[in-house]
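Dropping work_2.cif in here (mmCIF, C-alpha atoms):
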data_target
#
loop_
_atom_site.label_atom_id
_atom_site.label_comp_id
_atom_site.auth_asym_id
_atom_site.auth_seq_id
_atom_site.Cartn_x
_atom_site.Cartn_y
_atom_site.Cartn_z
CA MET A 1 31.31 -8.48 21.79
CA ARG A 2 29.63 -8.57 25.22
CA PRO A 3 28.32 -4.98 25.05
CA LEU A 4 26.89 -5.67 21.58
CA ILE A 5 25.09 -8.79 22.86
CA SER A 6 23.79 -6.73 25.80
CA LEU A 7 22.48 -4.07 23.45
CA VAL A 8 20.66 -6.62 21.27
CA ALA A 9 19.21 -8.42 24.31
CA GLY A 10 18.14 -5.12 25.87
CA ALA A 11 16.49 -3.96 22.65
CA LEU A 12 14.57 -7.24 22.30
CA PHE A 13 13.50 -6.99 25.95
CA GLY A 14 12.45 -3.33 25.72
CA GLY A 15 10.77 -3.84 22.34
CA GLY A 16 8.89 -6.84 23.69
CA LEU A 17 7.70 -4.94 26.76
CA PHE A 18 6.49 -2.10 24.53
CA VAL A 19 4.76 -4.27 21.91
CA SER A 20 3.09 -6.50 24.50
CA GLY A 21 1.51 -3.56 26.31
CA MET A 22 3.33 -4.34 29.57
CA THR A 23 4.41 -0.72 30.00
CA ASP A 24 0.69 0.13 30.27
CA THR A 25 -0.07 -0.08 33.99
CA ARG A 26 -3.77 -0.62 33.21
CA LYS A 27 -2.99 -3.93 31.52
CA VAL A 28 -0.76 -5.12 34.36
CA GLN A 29 -3.19 -4.06 37.09
CA GLY A 30 -5.99 -5.43 34.91
CA TRP A 31 -4.34 -8.86 35.09
CA LEU A 32 -3.83 -8.64 38.86
CA ASP A 33 -7.40 -7.42 39.37
CA VAL A 34 -9.30 -10.71 39.51
CA PHE A 35 -12.24 -8.95 41.22
CA GLY A 36 -12.54 -6.35 38.46
CA ASP A 37 -12.54 -6.44 34.65
CA TRP A 38 -9.85 -9.12 34.29
CA ASP A 39 -7.30 -8.70 31.47
CA PRO A 40 -5.56 -11.95 30.42
CA THR A 41 -2.77 -10.29 28.34
CA LEU A 42 0.00 -10.72 30.94
CA ALA A 43 -0.42 -14.50 30.88
CA PHE A 44 0.22 -14.53 27.12
CA VAL A 45 3.31 -12.35 27.59
CA MET A 46 4.67 -14.65 30.30
CA GLY A 47 3.92 -17.76 28.26
CA GLY A 48 5.47 -16.26 25.13
CA ALA A 49 8.60 -15.23 27.03
CA ILE A 50 9.07 -18.58 28.75
CA LEU A 51 9.08 -20.51 25.43
CA PRO A 52 12.38 -19.18 23.95
CA MET A 53 13.98 -19.25 27.40
CA PHE A 54 12.99 -22.89 27.87
CA VAL A 55 14.74 -23.73 24.59
CA ALA A 56 17.76 -21.61 25.58
CA TRP A 57 18.19 -23.46 28.89
CA ARG A 58 18.13 -26.80 27.01
CA PHE A 59 20.79 -25.40 24.71
CA THR A 60 23.18 -24.57 27.56
CA LYS A 61 23.78 -28.26 28.38
CA GLY A 62 27.35 -29.22 27.48
CA ARG A 63 28.07 -25.90 25.81
CA LYS A 64 29.73 -22.59 26.60
CA PRO A 65 28.31 -19.10 26.09
CA LEU A 66 29.43 -17.21 22.99
CA ALA A 67 31.19 -14.46 24.92
CA ALA A 68 31.87 -15.89 28.37
CA ASP A 69 33.76 -18.77 29.97
CA SER A 70 30.78 -20.43 31.58
CA PHE A 71 27.08 -20.23 32.22
CA PRO A 72 26.00 -18.65 35.51
CA SER A 73 26.29 -20.79 38.61
CA LEU A 74 22.70 -21.31 39.64
CA PRO A 75 21.57 -20.84 43.24
CA ARG A 76 20.77 -23.92 45.29
CA PRO A 77 17.03 -24.62 45.18
CA GLU A 78 16.54 -23.37 48.74
CA LEU A 79 13.83 -21.06 49.96
CA ASP A 80 14.85 -18.40 52.45
CA HIS A 81 13.18 -15.50 54.21
CA ARG A 82 14.75 -12.99 51.81
CA LEU A 83 13.13 -14.57 48.77
CA ILE A 84 9.69 -14.57 50.38
CA THR A 85 9.82 -11.16 52.11
CA GLY A 86 11.40 -9.48 49.10
CA SER A 87 8.84 -10.94 46.71
CA VAL A 88 5.95 -9.86 48.94
CA LEU A 89 7.31 -6.27 49.17
CA PHE A 90 7.89 -6.21 45.41
CA GLY A 91 4.38 -7.57 44.74
CA MET A 92 2.80 -4.87 46.93
CA GLY A 93 4.53 -2.12 44.93
CA TRP A 94 3.72 -3.87 41.66
CA GLY A 95 0.04 -4.05 42.57
CA LEU A 96 -0.10 -0.41 43.73
CA ALA A 97 1.40 1.12 40.58
CA GLY A 98 1.35 -1.63 37.93
CA LEU A 99 5.05 -1.18 37.15
CA CYS A 100 7.97 -3.55 37.64
CA PRO A 101 11.66 -2.75 36.92
CA GLY A 102 11.73 -3.66 33.19
CA PRO A 103 8.71 -1.60 32.12
CA ALA A 104 9.81 1.25 34.42
CA LEU A 105 12.99 1.47 32.33
CA ALA A 106 11.36 0.85 28.94
CA SER A 107 8.86 3.69 29.46
CA ILE A 108 11.38 6.36 30.52
CA THR A 109 10.83 8.35 27.32
CA TYR A 110 7.01 8.29 27.39
CA GLY A 111 6.06 7.71 31.03
CA GLY A 112 5.99 11.41 31.95
CA ILE A 113 7.01 12.90 35.28
CA GLY A 114 5.23 10.13 37.19
CA GLY A 115 7.33 7.50 35.46
CA LEU A 116 10.54 9.34 36.37
CA VAL A 117 9.40 9.70 39.99
CA PHE A 118 8.71 5.95 40.10
CA LEU A 119 12.14 5.21 38.67
CA ALA A 120 13.85 7.53 41.16
CA ALA A 121 11.97 5.92 44.07
CA MET A 122 12.81 2.44 42.76
CA ILE A 123 16.52 3.29 42.49
CA THR A 124 16.41 4.74 46.03
CA GLY A 125 14.82 1.51 47.23
CA MET A 126 17.54 -0.50 45.48
CA ALA A 127 20.24 1.61 47.17
CA PHE A 128 18.77 0.90 50.62
CA ALA A 129 18.02 -2.78 49.93
CA PRO A 130 21.34 -4.14 51.27
CA ARG A 131 20.73 -2.41 54.63
CA VAL A 132 17.08 -3.50 54.78
CA GLY A 133 18.20 -7.02 53.90
CA SER A 134 20.69 -7.12 56.81
CA GLN A 135 17.98 -5.92 59.20
CA LEU A 136 15.72 -8.71 57.97
CA ASP A 137 18.50 -11.24 58.52
CA ARG A 138 18.86 -10.04 62.11
CA LEU A 139 15.10 -10.28 62.64
CA ALA A 140 15.02 -13.77 61.16
CA ALA A 141 17.88 -14.87 63.40
CA THR A 142 16.08 -13.76 66.57
CA ALA A 143 12.66 -15.03 65.48
CA MET B 1 -8.93 -4.80 22.40
CA GLU B 2 -9.44 -8.24 20.94
CA THR B 3 -5.95 -8.40 19.40
CA ASP B 4 -4.23 -7.59 22.70
CA TRP B 5 -3.39 -11.21 23.43
CA ILE B 6 -1.65 -11.59 20.03
CA TRP B 7 0.53 -8.57 20.75
CA GLY B 8 1.09 -9.96 24.22
CA LEU B 9 2.31 -13.24 22.76
CA VAL B 10 4.49 -11.51 20.14
CA GLY B 11 5.97 -9.21 22.79
CA GLY B 12 6.50 -12.12 25.12
CA LEU B 13 8.40 -14.05 22.43
CA LEU B 14 10.62 -10.97 21.91
CA ILE B 15 11.27 -10.71 25.66
CA GLY B 16 12.16 -14.40 25.86
CA THR B 17 14.41 -14.13 22.81
CA GLY B 18 16.21 -11.25 24.52
CA GLY B 19 16.73 -13.45 27.57
CA ALA B 20 17.98 -16.29 25.34
CA VAL B 21 20.47 -13.99 23.58
CA TYR B 22 21.71 -12.70 26.94
CA LEU B 23 22.10 -16.22 28.37
CA LEU B 24 23.67 -17.93 25.34
CA GLY B 25 25.78 -14.89 24.45
CA ASN B 26 26.99 -13.39 27.72
CA GLY B 27 26.26 -16.34 29.97
CA ARG B 28 24.12 -14.16 32.23
CA ILE B 29 20.54 -14.30 33.47
CA MET B 30 18.49 -11.42 32.09
CA GLY B 31 16.89 -9.78 35.09
CA ALA B 32 16.00 -6.10 34.94
CA SER B 33 16.26 -5.54 38.71
CA GLY B 34 19.65 -7.29 38.91
CA ILE B 35 21.14 -5.45 35.93
CA LEU B 36 20.02 -2.03 37.24
CA GLY B 37 20.42 -2.85 40.94
CA GLY B 38 24.04 -3.92 40.46
CA LEU B 39 24.78 -0.45 39.13
CA VAL B 40 22.94 1.19 42.04
CA ASP B 41 24.54 -0.66 44.98
CA GLY B 42 27.96 -1.09 43.39
CA SER B 43 27.92 -4.90 43.25
CA GLY B 44 27.83 -4.80 39.44
CA TRP B 45 30.34 -2.04 38.78
CA PRO B 46 32.97 -4.36 37.25
CA SER B 47 30.51 -5.06 34.41
CA TRP B 48 29.03 -1.56 34.24
CA VAL B 49 29.44 -1.16 30.47
CA GLU B 50 27.31 -4.15 29.46
CA ARG B 51 24.72 -3.27 32.11
CA LEU B 52 24.42 0.33 30.92
CA VAL B 53 24.30 -0.73 27.27
CA PHE B 54 21.55 -3.25 28.07
CA ILE B 55 19.48 -0.49 29.70
CA LEU B 56 20.16 1.73 26.69
CA GLY B 57 18.73 -0.98 24.43
CA VAL B 58 15.64 -1.29 26.65
CA VAL B 59 15.02 2.46 26.47
CA ILE B 60 15.74 2.92 22.75
CA ALA B 61 13.68 0.00 21.37
CA PRO B 62 10.27 1.54 22.14
CA LEU B 63 11.39 4.78 20.44
CA VAL B 64 12.25 2.83 17.29
CA LEU B 65 8.96 0.90 17.30
CA TRP B 66 6.83 3.90 18.24
CA PRO B 67 6.26 5.23 14.68
CA LEU B 68 4.80 1.85 13.68
CA TYR B 69 1.99 2.40 16.15
CA SER B 70 -1.07 4.41 15.36
CA VAL B 71 -2.52 4.07 18.84
CA GLU B 72 -1.83 6.49 21.65
CA ILE B 73 1.03 5.43 23.93
CA ASP B 74 0.26 5.96 27.58
CA THR B 75 1.45 4.17 30.70
CA HIS B 76 -1.76 5.23 32.54
CA LEU B 77 0.28 5.53 35.74
CA THR B 78 -1.71 6.78 38.72
CA GLN B 79 -1.64 10.56 39.23
CA ASP B 80 -1.30 10.11 42.99
CA ILE B 81 2.37 10.91 43.48
CA TRP B 82 2.53 9.33 46.96
CA VAL B 83 1.29 6.03 45.59
CA VAL B 84 3.97 6.27 42.89
CA VAL B 85 6.74 6.99 45.42
CA ILE B 86 5.72 4.24 47.86
CA ALA B 87 5.25 1.72 45.04
CA GLY B 88 8.65 2.59 43.56
CA LEU B 89 10.39 2.18 46.94
CA LEU B 90 8.68 -1.19 47.53
CA VAL B 91 9.59 -2.47 44.05
CA GLY B 92 13.21 -1.34 44.44
CA VAL B 93 13.74 -2.79 47.93
CA GLY B 94 11.71 -5.94 47.30
CA THR B 95 13.28 -7.02 44.01
CA ARG B 96 16.80 -6.61 45.39
CA ILE B 97 16.08 -8.48 48.61
CA ALA B 98 14.39 -11.27 46.65
CA ASN B 99 17.25 -11.12 44.13
CA GLY B 100 14.93 -10.92 41.13
CA CYS B 101 11.73 -9.60 39.60
CA THR B 102 9.31 -10.53 36.82
CA SER B 103 12.09 -11.06 34.27
CA GLY B 104 14.69 -12.82 36.43
CA HIS B 105 12.48 -14.98 38.67
CA GLY B 106 9.46 -15.03 36.37
CA VAL B 107 10.74 -15.53 32.83
CA CYS B 108 14.26 -16.90 33.40
CA GLY B 109 13.44 -18.86 36.57
CA ILE B 110 10.18 -20.55 35.61
CA SER B 111 11.56 -21.56 32.17
CA ARG B 112 14.17 -23.77 33.90
CA PHE B 113 11.65 -24.98 36.52
CA SER B 114 13.59 -23.22 39.30
CA LEU B 115 11.89 -23.70 42.68
CA ARG B 116 13.03 -20.22 43.83
CA GLY B 117 11.73 -18.60 40.63
CA ILE B 118 8.35 -20.30 40.90
CA VAL B 119 7.91 -19.56 44.62
CA ALA B 120 8.98 -15.90 44.17
CA THR B 121 6.51 -15.51 41.29
CA VAL B 122 3.64 -17.02 43.29
CA PHE B 123 4.37 -14.66 46.20
CA TYR B 124 4.68 -11.43 44.19
CA ILE B 125 1.55 -12.21 42.21
CA LEU B 126 -0.44 -13.01 45.37
CA ALA B 127 0.90 -9.89 47.13
CA GLY B 128 0.16 -7.78 44.05
CA GLY B 129 -3.37 -9.12 43.62
CA LEU B 130 -4.18 -8.74 47.32
CA THR B 131 -2.73 -5.21 47.53
CA LEU B 132 -4.67 -4.14 44.45
CA ALA B 133 -7.88 -5.70 45.77
CA ILE B 134 -7.54 -3.92 49.12
CA PHE B 135 -6.54 -0.52 47.77
CA ARG B 136 -8.96 -0.55 44.82
CA HIS B 137 -12.04 -2.44 45.97
CA VAL B 138 -11.96 -1.99 49.76
CA LEU B 139 -10.33 1.41 50.30
CA GLY B 140 -11.05 2.75 46.80
CA VAL B 141 -7.87 4.82 46.61
CA ILE B 142 -6.28 3.53 43.37
#
What does this structure look like when you write it as structure tokens?
Amino acid sequence: MRPLISLVAGALFGGGLFVSGMTDTRKVQGWLDVFGDWDPTLAFVMGGAILPMFVAWRFTKGRKPLAADSFPSLPRPELDHRLITGSVLFGMGWGLAGLCPGPALASITYGGIGGLVFLAAMITGMAFAPRVGSQLDRLAATA
Amino acid sequence: METDWIWGLVGGLLIGTGGAVYLLGNGRIMGASGILGGLVDGSGWPSWVERLVFILGVVIAPLVLWPLYSVEIDTHLTQDIWVVVIAGLLVGVGTRIANGCTSGHGVCGISRFSLRGIVATVFYILAGGLTLAIFRHVLGVI
């Protein structure tokens, strides 16, 4: 049951990224580029995606998931240096190439060699992230 | 194109429905960086099947929808391979350290008014906009 749900969710996610144009780096960078020819599409994608999720979160109250014992335990609403530093590093890469993890996966079959190089670099970054994270913790502790 | 925002909205609704299915079905938060990253660093190996199948769905869906499109499909990724490599490394490291990306913090976080999701989204958008402005309009390299 769980793999089937994952497949359906993944297909909706990948299909949505494709249809919305979010695997086109021009549209993503066009949205980030407020000093250039600004493209509002990403805002519609975000808004459209938040709607069903807002309803879904309401629906979790007092219920159990279909194929799990409980809903995920949510992190305490605390801000830490990892959240900020990580988001800034991610944003820099996102701005440079116009790709984030979802679209990088969705465009594997049509993103060419460049897309595969991005994916390989991203996976390498993910592999080193735990070590980089520990270094940041050490820096934050001494700062 | 003038119809881009409609397709953006339709695509967004599909993305959000995927997240809703994942949450209400598997009781998990749909975040692309978490699902892939857990496979990469080993933290998600106990649930490797559903992670891999999710990624399979993400990859296959565009192939199914492709024939319905008459327009050319192109990611328009920069040809500068060093920019691609550096950007990929930053996205990989950053999303894992922040524990989320556009789907996890952005879509799933903001929709439940999560402080962490909102703050993360503000920071990656500001960093992205600033980086693009510097590298495109000041240095002129991308």
Given the PyMOL selection byres ((chain A and resi 65) around 6), the residues it picks as a ChimeraX atom specification: /A:64,66-68 /B:24-25,27
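Of the residues under consideration (B:Ile134, B:Ala20, B:Val10, B:Met30), B:Met30 shows the shortest atom-to-atom contact distance to B:Gly106 when counting only C-alpha atoms.
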Please tell me which residues are no farther than 7 Å from (16.0, -16.9, 33.1) in the file, counting all atoms listed in the file, and write them as a PDB file with C-alpha atoms, in the coordinates of the input.
ATOM      1  CA  MET A  53      13.980 -19.250  27.400  1.00  0.00           C
TER       2      MET A  53
ATOM      3  CA  GLY B  19      16.730 -13.450  27.570  1.00  0.00           C
ATOM      4  CA  ILE B  29      20.540 -14.300  33.470  1.00  0.00           C
ATOM      5  CA  MET B  30      18.490 -11.420  32.090  1.00  0.00           C
ATOM      6  CA  GLY B 104      14.690 -12.820  36.430  1.00  0.00           C
ATOM      7  CA  HIS B 105      12.480 -14.980  38.670  1.00  0.00           C
ATOM      8  CA  VAL B 107      10.740 -15.530  32.830  1.00  0.00           C
ATOM      9  CA  CYS B 108      14.260 -16.900  33.400  1.00  0.00           C
ATOM     10  CA  GLY B 109      13.440 -18.860  36.570  1.00  0.00           C
ATOM     11  CA  SER B 111      11.560 -21.560  32.170  1.00  0.00           C
TER      12      SER B 111
END
May I ask which of the residues B:Trp5, B:Thr78, B:Leu139, B:Ala98 is the closest one to B:Val119, counting all atoms listed in the file?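 Closest to B:Val119, using all atoms listed in the file: B:Ala98.
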Given the file above and the PyMOL selection byres ((chain A and resi 84-87) around 7), which residues are selected, and can you give them as a PDB file with C-alpha atoms, in the coordinates of the input?
ATOM      1  CA  ASP A  80      14.850 -18.400  52.450  1.00  0.00           C
ATOM      2  CA  HIS A  81      13.180 -15.500  54.210  1.00  0.00           C
ATOM      3  CA  ARG A  82      14.750 -12.990  51.810  1.00  0.00           C
ATOM      4  CA  LEU A  83      13.130 -14.570  48.770  1.00  0.00           C
ATOM      5  CA  VAL A  88       5.950  -9.860  48.940  1.00  0.00           C
ATOM      6  CA  LEU A  89       7.310  -6.270  49.170  1.00  0.00           C
ATOM      7  CA  PHE A  90       7.890  -6.210  45.410  1.00  0.00           C
ATOM      8  CA  GLY A  91       4.380  -7.570  44.740  1.00  0.00           C
TER       9      GLY A  91
ATOM     10  CA  GLY B  94      11.710  -5.940  47.300  1.00  0.00           C
ATOM     11  CA  THR B  95      13.280  -7.020  44.010  1.00  0.00           C
ATOM     12  CA  ILE B  97      16.080  -8.480  48.610  1.00  0.00           C
ATOM     13  CA  ALA B  98      14.390 -11.270  46.650  1.00  0.00           C
ATOM     14  CA  ALA B 120       8.980 -15.900  44.170  1.00  0.00           C
ATOM     15  CA  PHE B 123       4.370 -14.660  46.200  1.00  0.00           C
ATOM     16  CA  TYR B 124       4.680 -11.430  44.190  1.00  0.00           C
TER      17      TYR B 124
END
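Interatomic distance, atom CA of B:Ala61 against atom CA of B:Ile86: 28.0 Å.
A straight-line distance of 18.4 Å separates atom CA of B:Leu39 from atom CA of A:Leu4.
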Could you tell me which residues the PyMOL selection byres ((chain A and resi 50) around 8) grabs in this file, written as a list in words?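 Written out, the selection comes to Met46, Gly47, Gly48, Ala49, Leu51, Pro52, Met53 and Phe54 of chain A; Gly12, Leu13, Gly16, Val107, Cys108, Ile110 and Ser111 of chain B.
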Mind pulling up the distance from atom CA of A:Ala43 to atom CA of B:Asp74?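 About the pair atom CA of B:Asp74 and atom CA of A:Ala43: they are 20.7 Å apart.
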Nearest to B:Ala87: which of B:Pro46, B:Ile118, B:Val40, B:Ile142 is it, counting all atoms listed in the file?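 Counting all atoms listed in the file, the residue closest to B:Ala87 is B:Ile142.
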Six-sided padding of 4 Å per side, axis-aligned box over stretch 73-91 of chain A, centre and edges in Å, one decimal, as AutoDock Vina command-line options:
--center_x 15.3 --center_y -15.4 --center_z 46.4 --size_x 29.9 --size_y 26.4 --size_z 23.6
Need the shell around B:Thr75: protein/DNA/RNA residues with any atom at most 8 Å away, counting all atoms listed in the file. Skip same-chain ones fewer than 5 positions apart. Format as a PyMOL selection string? chain A and resi 23-26+107+110-111
Exercise: B:Ala32 partners within 8 Å, all atoms listed in the file, chain neighbours under 3 positions left out, as a PyMOL selection string: (chain A and resi 101-102) or (chain B and resi 35-36+100-101+103-104)
Distance query 8 Å from (-7.5, -11.1, 28.0) using only C-alpha atoms, result as a PyMOL selection string: (chain A and resi 38-41) or (chain B and resi 2+4-5)
Distance criterion (all atoms listed in the file): nearest to A:Val117 out of B:Val138, B:Leu65, B:Leu14, B:Val84: B:Val84
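Closest approach to chain B among A:Gly125, A:Leu74, A:Val34, A:Phe59 is made by A:Gly125 (distances from only C-alpha atoms).
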Would you kindly return, as a list in words, each protein, DNA or RNA residue with an atom no farther than 10 Å from any atom of A:Phe118, considering only C-alpha atoms and excluding same-chain residues fewer than 2 positions away?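 In the requested format, the answer is Ala97, Leu99, Cys100, Pro101, Ala104, Leu105, Ile108, Gly111, Ile113, Gly114, Gly115, Leu116, Ala120, Ala121, Met122, Ile123 and Thr124 of chain A; Leu77, Ile81, Trp82, Val83, Val84, Val85, Ile86, Ala87, Gly88, Leu89, Val91 and Gly92 of chain B.
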